[in-house]
>>> print(open('entry_25.txt').read())   # compact mmCIF, C-alpha atoms and all ligand atoms
# COMPACT_ATOMS: atom_id res chain seq x y z
CA MET A 640 -47.36 35.91 107.96
CA ASN A 641 -48.35 33.92 104.84
CA GLN A 642 -47.09 30.56 103.58
CA VAL A 643 -47.95 28.51 100.49
CA TYR A 644 -48.13 24.73 100.00
CA ASP A 645 -49.92 22.55 97.46
CA VAL A 646 -51.63 20.45 100.12
CA VAL A 647 -52.05 21.02 103.84
CA ILE A 648 -52.89 17.93 105.91
CA VAL A 649 -54.09 18.50 109.47
CA GLY A 650 -53.40 15.49 111.68
CA SER A 651 -50.50 13.07 112.01
CA GLY A 652 -52.30 9.78 112.64
CA LEU A 653 -52.57 6.94 110.16
CA SER A 654 -54.93 8.77 107.78
CA GLY A 655 -52.90 11.97 107.54
CA LEU A 656 -49.59 10.18 107.03
CA TYR A 657 -50.92 7.57 104.61
CA CYS A 658 -52.61 10.28 102.56
CA ALA A 659 -49.33 12.23 102.38
CA LEU A 660 -47.41 9.12 101.33
CA ASN A 661 -49.89 8.43 98.53
CA LEU A 662 -49.83 11.98 97.14
CA ASP A 663 -47.84 12.79 94.02
CA SER A 664 -44.23 13.44 95.06
CA ASN A 665 -44.23 16.66 92.99
CA LEU A 666 -46.65 18.19 95.49
CA ASN A 667 -45.32 20.38 98.23
CA ILE A 668 -47.07 19.08 101.36
CA LEU A 669 -47.41 20.43 104.90
CA ILE A 670 -48.55 18.14 107.74
CA VAL A 671 -49.53 19.88 110.96
CA SER A 672 -50.14 18.12 114.24
CA LYS A 673 -51.93 19.80 117.12
CA GLY A 674 -49.84 18.11 119.80
CA GLN A 675 -46.82 15.82 119.74
CA LEU A 676 -46.63 13.85 116.49
CA ASP A 677 -47.53 10.57 118.18
CA GLU A 678 -50.42 12.03 120.17
CA ASN A 679 -53.05 10.31 118.04
CA ASN A 680 -55.36 7.32 118.37
CA THR A 681 -53.59 5.32 115.68
CA TYR A 682 -50.69 4.98 118.07
CA LEU A 683 -53.00 3.46 120.70
CA ALA A 684 -54.76 0.97 118.43
CA GLN A 685 -54.35 -2.54 119.76
CA GLY A 686 -56.57 -5.04 117.94
CA GLY A 687 -55.60 -4.74 114.30
CA ILE A 688 -56.88 -4.10 110.79
CA SER A 689 -59.79 -5.98 109.23
CA THR A 690 -59.47 -7.21 105.69
CA ALA A 691 -61.44 -9.38 103.30
CA LYS A 692 -59.12 -12.40 103.14
CA ASN A 693 -59.92 -13.11 99.50
CA ASP A 694 -62.73 -12.66 96.96
CA GLU A 695 -64.78 -15.43 98.56
CA ASP A 696 -64.74 -13.51 101.85
CA LEU A 697 -66.05 -10.23 100.38
CA ASP A 698 -69.77 -10.88 100.87
CA SER A 699 -69.37 -12.25 104.35
CA TYR A 700 -67.18 -9.30 105.42
CA ILE A 701 -69.66 -6.81 103.96
CA GLN A 702 -72.55 -8.57 105.75
CA ASP A 703 -70.68 -8.56 109.09
CA THR A 704 -70.04 -4.81 108.71
CA LEU A 705 -73.70 -4.14 107.88
CA ASN A 706 -75.02 -6.34 110.70
CA ALA A 707 -72.80 -4.62 113.28
CA GLY A 708 -73.89 -1.22 111.91
CA GLN A 709 -77.58 -2.14 112.24
CA HIS A 710 -77.85 -1.68 108.46
CA LYS A 711 -77.57 2.09 108.79
CA ASN A 712 -74.36 1.88 106.71
CA ASP A 713 -73.75 3.22 103.21
CA ILE A 714 -73.53 0.04 101.13
CA SER A 715 -71.38 1.46 98.33
CA ALA A 716 -68.84 2.72 100.88
CA VAL A 717 -68.78 -0.65 102.65
CA THR A 718 -68.31 -2.47 99.34
CA THR A 719 -65.45 -0.13 98.40
CA LEU A 720 -63.84 -0.71 101.80
CA ALA A 721 -63.99 -4.49 101.47
CA LYS A 722 -62.80 -4.60 97.86
CA GLU A 723 -59.81 -2.33 98.47
CA SER A 724 -58.82 -3.83 101.81
CA MET A 725 -56.15 -6.39 100.97
CA GLU A 726 -54.28 -4.17 98.49
CA ASN A 727 -53.72 -1.63 101.27
CA ILE A 728 -52.51 -4.29 103.71
CA THR A 729 -50.05 -5.43 101.04
CA LEU A 730 -48.89 -1.83 100.57
CA LEU A 731 -48.36 -1.46 104.32
CA GLU A 732 -46.23 -4.60 104.41
CA LYS A 733 -44.17 -3.19 101.54
CA LEU A 734 -43.65 0.00 103.54
CA GLY A 735 -42.37 -2.17 106.39
CA VAL A 736 -45.21 -2.86 108.85
CA PRO A 737 -44.18 -6.11 110.59
CA PHE A 738 -47.56 -7.90 110.73
CA ASP A 739 -47.57 -11.11 112.77
CA ARG A 740 -47.15 -14.19 110.60
CA ILE A 741 -47.45 -17.89 111.36
CA ASP A 742 -45.45 -20.31 109.17
CA GLY A 743 -44.92 -17.45 106.73
CA ASN A 744 -48.65 -16.64 106.38
CA LEU A 745 -50.39 -13.57 107.80
CA SER A 746 -51.87 -14.37 111.22
CA PHE A 747 -55.57 -13.46 111.28
CA THR A 748 -57.34 -12.92 114.60
CA LYS A 749 -61.03 -12.55 115.41
CA GLU A 750 -63.01 -9.86 117.18
CA GLY A 751 -66.67 -9.31 118.00
CA ALA A 752 -69.26 -9.76 115.21
CA HIS A 753 -66.76 -11.05 112.63
CA SER A 754 -67.90 -14.41 111.30
CA ILE A 755 -64.31 -15.55 110.65
CA ASN A 756 -60.73 -14.63 111.66
CA ARG A 757 -59.82 -11.77 109.29
CA ILE A 758 -57.89 -9.20 111.34
CA VAL A 759 -54.18 -8.67 110.75
CA HIS A 760 -52.19 -7.40 113.71
CA VAL A 761 -48.81 -6.78 115.28
CA LYS A 762 -49.01 -8.37 118.73
CA ASP A 763 -51.38 -6.16 120.77
CA GLU A 764 -49.76 -2.91 119.55
CA THR A 765 -50.75 -2.82 115.90
CA GLY A 766 -51.18 0.96 115.88
CA LYS A 767 -47.78 1.72 117.36
CA TYR A 768 -45.91 -0.39 114.79
CA LEU A 769 -48.06 0.95 111.98
CA TRP A 770 -47.58 4.58 112.98
CA LYS A 771 -43.81 4.21 113.48
CA THR A 772 -43.46 2.74 109.99
CA LEU A 773 -45.52 5.52 108.41
CA ILE A 774 -43.81 8.38 110.23
CA ASP A 775 -40.38 7.02 109.29
CA CYS A 776 -41.43 6.83 105.62
CA THR A 777 -42.92 10.34 105.79
CA LYS A 778 -39.76 11.84 107.29
CA GLU A 779 -37.75 10.46 104.38
CA LYS A 780 -39.76 12.47 101.85
CA SER A 781 -38.18 15.76 100.83
CA ASN A 782 -41.52 17.18 99.60
CA ILE A 783 -43.21 16.81 103.02
CA THR A 784 -42.79 19.33 105.86
CA ILE A 785 -44.05 18.33 109.32
CA MET A 786 -44.91 20.78 112.11
CA ASP A 787 -45.90 19.55 115.56
CA ASN A 788 -47.63 21.60 118.29
CA THR A 789 -49.37 23.56 115.55
CA TYR A 790 -53.05 24.33 115.83
CA LEU A 791 -55.53 24.80 113.00
CA ALA A 792 -57.70 27.66 114.23
CA ASP A 793 -59.85 28.06 111.12
CA ILE A 794 -60.06 27.54 107.39
CA ILE A 795 -59.76 30.26 104.76
CA TYR A 796 -62.67 30.08 102.34
CA ARG A 797 -64.95 32.00 100.02
CA ASP A 798 -68.15 30.91 98.34
CA ASN A 799 -67.92 27.33 99.63
CA THR A 800 -64.36 26.82 98.34
CA CYS A 801 -61.47 26.24 100.72
CA TYR A 802 -58.28 28.21 99.97
CA GLY A 803 -56.19 27.33 103.02
CA GLY A 804 -55.98 27.27 106.78
CA ILE A 805 -55.16 29.62 109.63
CA ILE A 806 -52.67 27.94 111.94
CA PHE A 807 -50.95 28.89 115.16
CA ASN A 808 -47.31 27.94 115.34
CA LYS A 809 -45.20 29.03 118.32
CA GLY A 810 -48.03 31.36 119.39
CA LYS A 811 -48.16 33.23 116.06
CA GLN A 812 -50.92 33.24 113.46
CA VAL A 813 -49.81 31.97 110.04
CA ASN A 814 -52.14 32.00 107.02
CA VAL A 815 -51.33 28.98 104.88
CA TYR A 816 -52.67 29.01 101.33
CA SER A 817 -52.97 25.76 99.38
CA LYS A 818 -54.73 23.96 96.55
CA PHE A 819 -56.30 21.51 98.98
CA ILE A 820 -56.83 21.09 102.70
CA VAL A 821 -57.18 17.58 104.14
CA LEU A 822 -58.58 17.29 107.66
CA ALA A 823 -57.45 14.16 109.50
CA THR A 824 -58.10 15.52 112.97
CA GLY A 825 -59.40 12.31 114.59
CA GLY A 826 -62.37 11.64 116.83
CA ILE A 827 -64.16 13.30 119.73
CA GLY A 828 -63.08 11.23 122.75
CA GLY A 829 -61.44 14.21 124.43
CA ILE A 830 -64.80 15.84 125.12
CA PHE A 831 -65.87 12.82 127.23
CA ASN A 832 -65.03 12.18 130.85
CA ASP A 833 -64.25 8.54 130.26
CA SER A 834 -62.70 7.56 126.95
CA THR A 835 -59.96 5.40 125.47
CA SER A 836 -59.01 8.36 123.24
CA GLN A 837 -56.16 10.83 123.42
CA ARG A 838 -57.52 13.81 125.39
CA ILE A 839 -56.47 16.32 122.73
CA LEU A 840 -58.90 14.90 120.13
CA ILE A 841 -62.04 16.99 120.41
CA GLY A 842 -63.65 16.87 116.98
CA ASP A 843 -61.85 19.83 115.39
CA ALA A 844 -63.07 19.00 111.87
CA ILE A 845 -66.66 18.73 113.04
CA THR A 846 -66.69 22.06 114.85
CA LEU A 847 -65.19 23.74 111.77
CA ALA A 848 -67.94 22.13 109.72
CA LEU A 849 -70.64 23.29 112.13
CA LYS A 850 -69.30 26.85 112.03
CA HIS A 851 -68.99 27.04 108.24
CA ASN A 852 -72.04 25.13 107.07
CA ILE A 853 -70.15 22.09 105.80
CA LYS A 854 -72.34 18.98 105.85
CA VAL A 855 -72.01 16.57 108.79
CA LYS A 856 -73.62 13.16 109.23
CA ASP A 857 -74.60 10.68 111.96
CA LEU A 858 -73.09 12.80 114.76
CA GLU A 859 -75.25 11.02 117.32
CA TYR A 860 -73.65 7.60 116.56
CA ILE A 861 -71.03 7.23 119.30
CA GLN A 862 -69.41 3.92 120.20
CA PHE A 863 -68.59 2.75 123.71
CA HIS A 864 -66.04 -0.06 123.85
CA PRO A 865 -67.13 -2.80 126.25
CA THR A 866 -63.78 -3.28 127.96
CA GLY A 867 -61.77 -0.35 129.29
CA LEU A 868 -59.57 -1.31 132.24
CA TYR A 869 -61.29 -0.36 135.49
CA ASP A 870 -58.98 1.59 137.72
CA ASN A 871 -59.95 3.21 141.01
CA ASP A 872 -57.55 6.05 140.37
CA TYR A 873 -58.83 6.73 136.87
CA TYR A 874 -58.02 10.13 135.53
CA GLY A 875 -57.58 11.04 131.89
CA ARG A 876 -57.47 8.39 129.20
CA ARG A 877 -58.77 4.92 130.05
CA PHE A 878 -56.56 1.99 129.04
CA LEU A 879 -58.25 -0.29 126.51
CA ILE A 880 -58.41 -4.05 126.84
CA SER A 881 -58.52 -5.11 123.21
CA GLU A 882 -61.51 -6.97 121.85
CA ALA A 883 -58.92 -9.42 120.52
CA VAL A 884 -58.71 -10.72 124.10
CA ARG A 885 -62.29 -11.93 123.72
CA GLY A 886 -61.51 -12.94 120.13
CA GLU A 887 -58.84 -15.31 121.46
CA GLY A 888 -61.28 -16.84 123.95
CA GLY A 889 -61.55 -14.37 126.87
CA ILE A 890 -64.84 -14.55 128.79
CA LEU A 891 -66.85 -11.93 130.66
CA LEU A 892 -68.06 -12.81 134.15
CA ASN A 893 -70.29 -11.04 136.65
CA GLU A 894 -69.69 -10.70 140.41
CA HIS A 895 -71.02 -14.26 140.91
CA GLY A 896 -68.51 -15.65 138.41
CA LYS A 897 -71.24 -16.29 135.80
CA ARG A 898 -71.10 -15.52 132.07
CA PHE A 899 -73.90 -13.16 131.08
CA VAL A 900 -73.39 -12.42 127.37
CA ASN A 901 -71.87 -13.92 124.24
CA GLU A 902 -68.57 -12.01 124.25
CA LEU A 903 -68.34 -11.86 120.46
CA LEU A 904 -71.61 -10.08 119.75
CA PRO A 905 -71.36 -6.55 118.30
CA ARG A 906 -69.86 -3.94 120.64
CA ASP A 907 -73.07 -2.05 121.35
CA ILE A 908 -74.81 -5.23 122.53
CA VAL A 909 -71.92 -6.35 124.75
CA THR A 910 -71.60 -2.82 126.18
CA ASN A 911 -75.30 -2.72 127.06
CA ALA A 912 -75.11 -6.16 128.70
CA ILE A 913 -72.17 -5.01 130.87
CA ARG A 914 -73.95 -1.79 131.82
CA GLU A 915 -76.98 -3.83 132.88
CA GLU A 916 -74.81 -6.13 135.07
CA ILE A 917 -73.16 -3.09 136.67
CA ARG A 918 -76.58 -1.51 137.28
CA LYS A 919 -77.99 -4.69 138.87
CA SER A 920 -74.96 -5.58 140.99
CA LYS A 921 -73.93 -2.03 141.99
CA VAL A 922 -70.30 -3.21 141.55
CA PRO A 923 -68.71 -0.66 139.16
CA TYR A 924 -67.09 -3.25 136.86
CA VAL A 925 -67.33 -6.80 135.50
CA PHE A 926 -64.53 -9.35 135.02
CA LEU A 927 -62.71 -10.38 131.85
CA ASP A 928 -60.84 -13.65 132.21
CA ILE A 929 -58.17 -15.25 130.03
CA SER A 930 -56.21 -16.85 132.86
CA PHE A 931 -57.16 -20.31 131.56
CA LEU A 932 -55.07 -19.76 128.39
CA PRO A 933 -51.42 -20.91 128.42
CA LYS A 934 -49.16 -18.24 129.92
CA TYR A 935 -46.69 -18.40 127.01
CA PHE A 936 -49.56 -17.59 124.61
CA ILE A 937 -50.76 -14.63 126.73
CA LEU A 938 -47.24 -13.20 126.90
CA LYS A 939 -46.65 -13.57 123.17
CA ARG A 940 -50.06 -12.35 121.99
CA PHE A 941 -50.81 -9.65 124.59
CA PRO A 942 -47.49 -8.42 125.97
CA MET A 943 -48.59 -4.80 126.46
CA ILE A 944 -51.92 -5.67 128.13
CA TYR A 945 -50.08 -8.13 130.38
CA GLU A 946 -47.59 -5.44 131.47
CA LYS A 947 -50.21 -2.74 131.96
CA CYS A 948 -52.39 -4.99 134.11
CA LEU A 949 -49.35 -6.03 136.19
CA GLN A 950 -48.79 -2.31 136.88
CA VAL A 951 -52.25 -2.11 138.46
CA GLY A 952 -51.69 -5.33 140.41
CA ILE A 953 -53.34 -7.94 138.18
CA ASP A 954 -51.45 -10.89 136.71
CA ILE A 955 -53.81 -11.79 133.85
CA SER A 956 -52.29 -15.25 133.54
CA LYS A 957 -53.70 -15.93 137.03
CA ASP A 958 -56.58 -13.52 137.67
CA PRO A 959 -59.36 -11.79 135.74
CA MET A 960 -59.19 -8.14 134.68
CA LEU A 961 -61.70 -5.58 135.95
CA VAL A 962 -63.39 -3.87 133.00
CA ILE A 963 -65.92 -1.14 132.30
CA PRO A 964 -67.35 0.33 129.04
CA SER A 965 -65.74 3.58 127.83
CA GLN A 966 -66.28 5.98 124.95
CA HIS A 967 -64.13 4.71 122.10
CA TYR A 968 -65.14 5.84 118.61
CA HIS A 969 -67.30 8.25 116.65
CA MET A 970 -69.12 6.75 113.68
CA GLY A 971 -70.43 10.19 112.67
CA GLY A 972 -68.37 13.06 111.32
CA VAL A 973 -67.98 15.43 108.40
CA MET A 974 -69.93 13.94 105.50
CA VAL A 975 -67.71 12.84 102.61
CA ASP A 976 -68.12 11.00 99.32
CA LEU A 977 -66.19 7.93 98.18
CA ASP A 978 -63.19 10.15 97.31
CA SER A 979 -63.22 11.74 100.80
CA LYS A 980 -64.46 15.09 99.48
CA SER A 981 -66.56 17.14 101.87
CA SER A 982 -69.40 19.40 100.75
CA MET A 983 -66.90 22.32 100.55
CA HIS A 984 -64.77 22.39 97.38
CA ARG A 985 -61.09 21.52 97.86
CA LEU A 986 -61.69 20.34 101.43
CA TYR A 987 -61.13 16.65 102.08
CA VAL A 988 -61.81 14.88 105.38
CA ILE A 989 -60.40 11.45 106.27
CA GLY A 990 -60.19 8.99 109.17
CA GLU A 991 -62.39 9.22 112.25
CA ALA A 992 -63.15 12.89 111.53
CA ALA A 993 -65.03 11.86 108.40
CA CYS A 994 -68.32 10.08 107.97
CA THR A 995 -68.05 7.84 104.93
CA GLY A 996 -71.13 5.95 106.11
CA ILE A 997 -69.16 2.73 106.48
CA HIS A 998 -69.90 2.09 110.12
CA GLY A 999 -73.62 2.78 110.28
CA LYS A 1000 -74.80 2.96 113.87
CA ASN A 1001 -72.06 0.78 115.37
CA ARG A 1002 -68.59 0.14 113.99
CA LEU A 1003 -67.44 -3.42 113.39
CA ALA A 1004 -64.24 -4.15 115.32
CA SER A 1005 -60.98 -3.22 113.56
CA ASN A 1006 -62.72 -1.45 110.68
CA SER A 1007 -61.41 1.99 111.65
CA LEU A 1008 -57.76 1.64 110.65
CA LEU A 1009 -58.89 0.07 107.39
CA GLU A 1010 -61.28 2.93 106.69
CA GLY A 1011 -58.40 5.35 107.34
CA LEU A 1012 -56.22 3.52 104.83
CA VAL A 1013 -58.71 3.00 102.03
CA PHE A 1014 -60.26 6.45 102.12
CA SER A 1015 -57.12 8.49 102.70
CA LYS A 1016 -55.61 6.76 99.67
CA ARG A 1017 -58.75 7.48 97.66
CA GLY A 1018 -58.54 11.13 98.74
CA ALA A 1019 -54.88 11.24 97.69
CA ASP A 1020 -55.72 9.65 94.32
CA SER A 1021 -58.45 12.24 93.79
CA ILE A 1022 -56.04 15.11 94.55
CA ASN A 1023 -53.38 13.57 92.29
CA SER A 1024 -55.78 13.55 89.39
CA SER A 1025 -56.93 17.17 89.79
CA PHE A 1026 -54.16 19.34 91.26
CA GLN A 1027 -52.74 20.42 87.92
CA SER A 1028 -55.86 22.38 87.01
CA ILE A 1029 -56.05 24.24 90.36
CA THR A 1030 -54.42 27.58 91.17
CA ILE A 1031 -53.70 28.91 94.64
CA LYS A 1032 -55.70 32.01 95.51
CA LYS A 1033 -54.79 34.29 98.40
CA VAL A 1034 -58.18 35.47 99.54
CA PRO A 1035 -58.11 37.57 102.75
CA ALA A 1036 -57.98 35.58 105.99
CA ALA A 1037 -59.60 36.56 109.29
CA GLN A 1038 -57.53 37.80 112.23
CA ILE A 1039 -58.00 35.31 115.11
CA ASN A 1040 -58.23 36.98 118.49
CA GLN A 1041 -58.65 33.91 120.72
CA THR A 1042 -55.80 31.67 121.85
CA PRO A 1043 -55.84 27.99 120.82
CA ASN A 1044 -56.85 27.13 124.41
CA GLU A 1045 -59.78 29.53 124.37
CA LEU A 1046 -60.89 28.23 120.98
CA SER A 1047 -60.65 24.60 122.14
CA LYS A 1048 -62.80 25.32 125.19
CA TYR A 1049 -65.39 27.04 123.05
CA ASN A 1050 -65.35 24.22 120.46
CA LYS A 1051 -65.81 21.52 123.10
CA GLN A 1052 -68.95 23.25 124.34
CA LEU A 1053 -70.23 23.77 120.80
CA LEU A 1054 -69.82 20.09 119.97
CA LYS A 1055 -71.27 18.90 123.25
CA LYS A 1056 -74.39 21.02 122.72
CA GLU A 1057 -74.80 19.78 119.14
CA LEU A 1058 -74.48 16.14 120.24
CA GLN A 1059 -76.98 16.68 123.05
CA ARG A 1060 -79.38 18.34 120.61
CA ARG A 1061 -79.23 15.21 118.48
CA SER A 1062 -79.38 12.57 121.21
CA SER A 1063 -81.24 12.47 124.50
CA ASP A 1064 -78.84 9.75 125.82
CA LEU A 1065 -75.93 12.17 126.19
CA TYR A 1066 -76.18 13.44 129.76
CA ASP A 1067 -74.02 16.25 131.11
CA GLU A 1068 -72.06 13.86 133.37
CA LEU A 1069 -70.71 11.97 130.35
CA PHE A 1070 -68.78 15.03 129.21
CA ASP A 1071 -65.53 16.56 130.36
CA ASN A 1072 -66.83 19.90 131.56
CA ARG A 1073 -63.57 21.16 132.98
C1 LIG A 1101 -59.68 -3.21 120.12
O1 LIG A 1101 -58.53 -3.66 120.06
O2 LIG A 1101 -60.58 -3.73 120.78
C2 LIG A 1101 -59.97 -1.95 119.39
C3 LIG A 1101 -60.05 -2.21 117.96
C4 LIG A 1101 -61.10 -1.34 117.40
O3 LIG A 1101 -61.42 -0.30 117.97
O4 LIG A 1101 -61.68 -1.73 116.39
>>> encode(input="entry_25.txt", output="structure tokens", more="lines below")
Ligand code: SIN
Amino acid sequence: MNQVYDVVIVGSGLSGLYCALNLDSNLNILIVSKGQLDENNTYLAQGGISTAKNDEDLDSYIQDTLNAGQHKNDISAVTTLAKESMENITLLEKLGVPFDRIDGNLSFTKEGAHSINRIVHVKDETGKYLWKTLIDCTKEKSNITIMDNTYLADIIYRDNTCYGGIIFNKGKQVNVYSKFIVLATGGIGGIFNDSTSQRILIGDAITLALKHNIKVKDLEYIQFHPTGLYDNDYYGRRFLISEAVRGEGGILLNEHGKRFVNELLPRDIVTNAIREEIRKSKVPYVFLDISFLPKYFILKRFPMIYEKCLQVGIDISKDPMLVIPSQHYHMGGVMVDLDSKSSMHRLYVIGEAACTGIHGKNRLASNSLLEGLVFSKRGADSINSSFQSITIKKVPAAQINQTPNELSKYNKQLLKKELQRRSSDLYDELFDNR
């Protein structure tokens, strides 16, 4: 079966939805989501969204991003991110995102390696509120069709130009032709044993790129968040303890009750310090304590973390949490330019699936949602300015003989091997080999 749309967006997290909302409303848009619509990492984001607070903050924010990234970042992308940050926060508020405010002003929190408080948030569930606002706005649009449980098996292309995608919907292959394809398929956490990510996110855009010679970048740059909640019965996704907990004063302690690292250093440094403590002590976790803060503040600022920890028997207003580093983010991805264009014509990649070069070797806290906003809007603007000159071409599409499950298994192995080829630190045990 064949279908035709102007733009097909693959992925229903922040980047996919925000791109759709910023596209010209004359475009006929299809959004496909591999799993349930809310099965994305946006929904799980706790900390918040970084933003340059004003023009005076631009240089400092850019420097913080570069320092965290060990100066392996792309400076023009970082500058674009910082300059276009506040206008996107303002747009989100207009759409209805209920950011926390104090005395009428946006409440800015701090996280590791930021020199000032510059992160907007909604309690400790920024992503959930953000996503709910965006999906509600998307559902109101008559030019946008949304399909959940729909798998992108391949792209349709000729001579390095993308003409559409091959999707599986209700077990049937559908060839969807379009002027543009936008991949917003998220990160790679699902290929790891221990990750804060949704399990279903296994780097779909990257494996497509590897198969079809589309340029990728920095694939070996993988971030481990210092503080996943340690749980004896761990299976599946690890619950994150937001860096904002340390930003609001939380301290890390070893088994002897001693601090061993400045909690607000960049993530890679704090993660390594925790791993070293765990190695020395042979206790499989360290402690994160905020029990000295007023209980009313903990309940107001971190209601979800409070509840989740209670479920595993820890009252964080009285006792420390047990934490362990976990895979959290992929700085690398499909290489894109400042308009989110990949090296294949008419194929855009946005969000964690893309590598804009913003994060360098280590992402600064709360820069991922902002990257998703700024660069999915830039991608949408680029499509808006060029769609009128493009015609849809129905080039023949391949017949796919594997099921989505078989393809996913194969893709996980392909990606794992490519990552291991690029980095000697990625041992077999780190991966989900089931
Ligand atoms: C967190 O809340 O610690 C996660 C925010 C991020 O990944 O930047």
>>> closest_residue(input="entry_25.txt", among="A:Phe1070, A:Tyr924, A:Phe931, A:Tyr682", to="ligand LIG 1101 (chain A)", atoms="all atoms listed in the file")
A:Tyr682
>>> residues_around(input="entry_25.txt", residues="A:Glu695", least_positions_apart="5", cutoff="12 Å", atoms="all atoms listed in the file", output="JSON, numbers by chain")
{"A": [700, 701, 721, 722]}
>>> write_last_selection(input="entry_25.txt", atoms="C-alpha atoms", output="PDB file, keeping the file's coordinate frame")
ATOM      1  CA  TYR A 700     -67.180  -9.300 105.420  1.00  0.00           C
ATOM      2  CA  ILE A 701     -69.660  -6.810 103.960  1.00  0.00           C
ATOM      3  CA  ALA A 721     -63.990  -4.490 101.470  1.00  0.00           C
ATOM      4  CA  LYS A 722     -62.800  -4.600  97.860  1.00  0.00           C
TER       5      LYS A 722
END
>>> closest_atom_pairs(input="entry_25.txt", of="chain A", to="ligand LIG 1101 (chain A)", cutoff="7 Å", atoms="all atoms listed in the file", output="tab-separated table")
residue	atom	partner	partner_atom	distance
A:Ala684	CA	A:LIG1101	C2	6.0
A:Gln685	CA	A:LIG1101	O1	4.3
A:Gly686	CA	A:LIG1101	O1	3.2
A:Gly687	CA	A:LIG1101	C3	6.3
A:Ile880	CA	A:LIG1101	O2	6.4
A:Ser881	CA	A:LIG1101	O1	3.5
A:Glu882	CA	A:LIG1101	O2	3.5
A:Ala883	CA	A:LIG1101	O1	5.8
A:Leu1003	CA	A:LIG1101	O4	6.7
A:Ala1004	CA	A:LIG1101	O4	3.7
A:Ser1005	CA	A:LIG1101	O4	3.3
A:Asn1006	CA	A:LIG1101	O4	5.8
A:Ser1007	CA	A:LIG1101	O4	6.0
>>> atom_distance(input="entry_25.txt", atom1="atom CA of A:Val988", atom2="atom CA of A:Gly825")
9.9 Å
>>> atom_distance(input="entry_25.txt", atom1="atom CA of A:Asp928", atom2="atom CA of A:Leu891")
6.4 Å
>>> atom_distance(input="entry_25.txt", atom1="atom CA of A:Asn814", atom2="atom CA of A:Thr681")
28.1 Å
>>> build_atoms(input="entry_25.txt", residues="stretch 874-886 of chain A", atoms="N, CA and C atoms", output="mmCIF file, keeping the file's coordinate frame")
data_model
loop_
_atom_site.group_PDB
_atom_site.id
_atom_site.type_symbol
_atom_site.label_atom_id
_atom_site.label_comp_id
_atom_site.auth_asym_id
_atom_site.auth_seq_id
_atom_site.Cartn_x
_atom_site.Cartn_y
_atom_site.Cartn_z
ATOM 1 N N TYR A 874 -57.962 8.724 135.896
ATOM 2 C CA TYR A 874 -58.020 10.130 135.530
ATOM 3 C C TYR A 874 -57.431 10.233 134.132
ATOM 4 N N GLY A 875 -58.123 10.897 133.234
ATOM 5 C CA GLY A 875 -57.580 11.040 131.890
ATOM 6 C C GLY A 875 -58.022 9.920 130.984
ATOM 7 N N ARG A 876 -57.112 9.407 130.182
ATOM 8 C CA ARG A 876 -57.470 8.390 129.200
ATOM 9 C C ARG A 876 -57.565 6.996 129.844
ATOM 10 N N ARG A 877 -58.622 6.264 129.473
ATOM 11 C CA ARG A 877 -58.770 4.920 130.050
ATOM 12 C C ARG A 877 -58.030 3.903 129.169
ATOM 13 N N PHE A 878 -57.307 3.004 129.786
ATOM 14 C CA PHE A 878 -56.560 1.990 129.040
ATOM 15 C C PHE A 878 -57.538 0.948 128.470
ATOM 16 N N LEU A 879 -57.371 0.653 127.196
ATOM 17 C CA LEU A 879 -58.250 -0.290 126.510
ATOM 18 C C LEU A 879 -57.778 -1.733 126.713
ATOM 19 N N ILE A 880 -58.739 -2.624 126.928
ATOM 20 C CA ILE A 880 -58.410 -4.050 126.840
ATOM 21 C C ILE A 880 -58.993 -4.531 125.516
ATOM 22 N N SER A 881 -58.114 -4.832 124.596
ATOM 23 C CA SER A 881 -58.520 -5.110 123.210
ATOM 24 C C SER A 881 -59.597 -6.185 123.126
ATOM 25 N N GLU A 882 -60.490 -5.969 122.156
ATOM 26 C CA GLU A 882 -61.510 -6.970 121.850
ATOM 27 C C GLU A 882 -60.863 -8.286 121.395
ATOM 28 N N ALA A 883 -59.626 -8.197 120.927
ATOM 29 C CA ALA A 883 -58.920 -9.420 120.520
ATOM 30 C C ALA A 883 -58.753 -10.378 121.697
ATOM 31 N N VAL A 884 -58.794 -9.840 122.924
ATOM 32 C CA VAL A 884 -58.710 -10.720 124.100
ATOM 33 C C VAL A 884 -59.923 -11.653 124.117
ATOM 34 N N ARG A 885 -61.100 -11.078 123.821
ATOM 35 C CA ARG A 885 -62.290 -11.930 123.720
ATOM 36 C C ARG A 885 -62.225 -12.774 122.449
ATOM 37 N N GLY A 886 -61.651 -12.191 121.376
ATOM 38 C CA GLY A 886 -61.510 -12.940 120.130
ATOM 39 C C GLY A 886 -60.671 -14.189 120.305
#
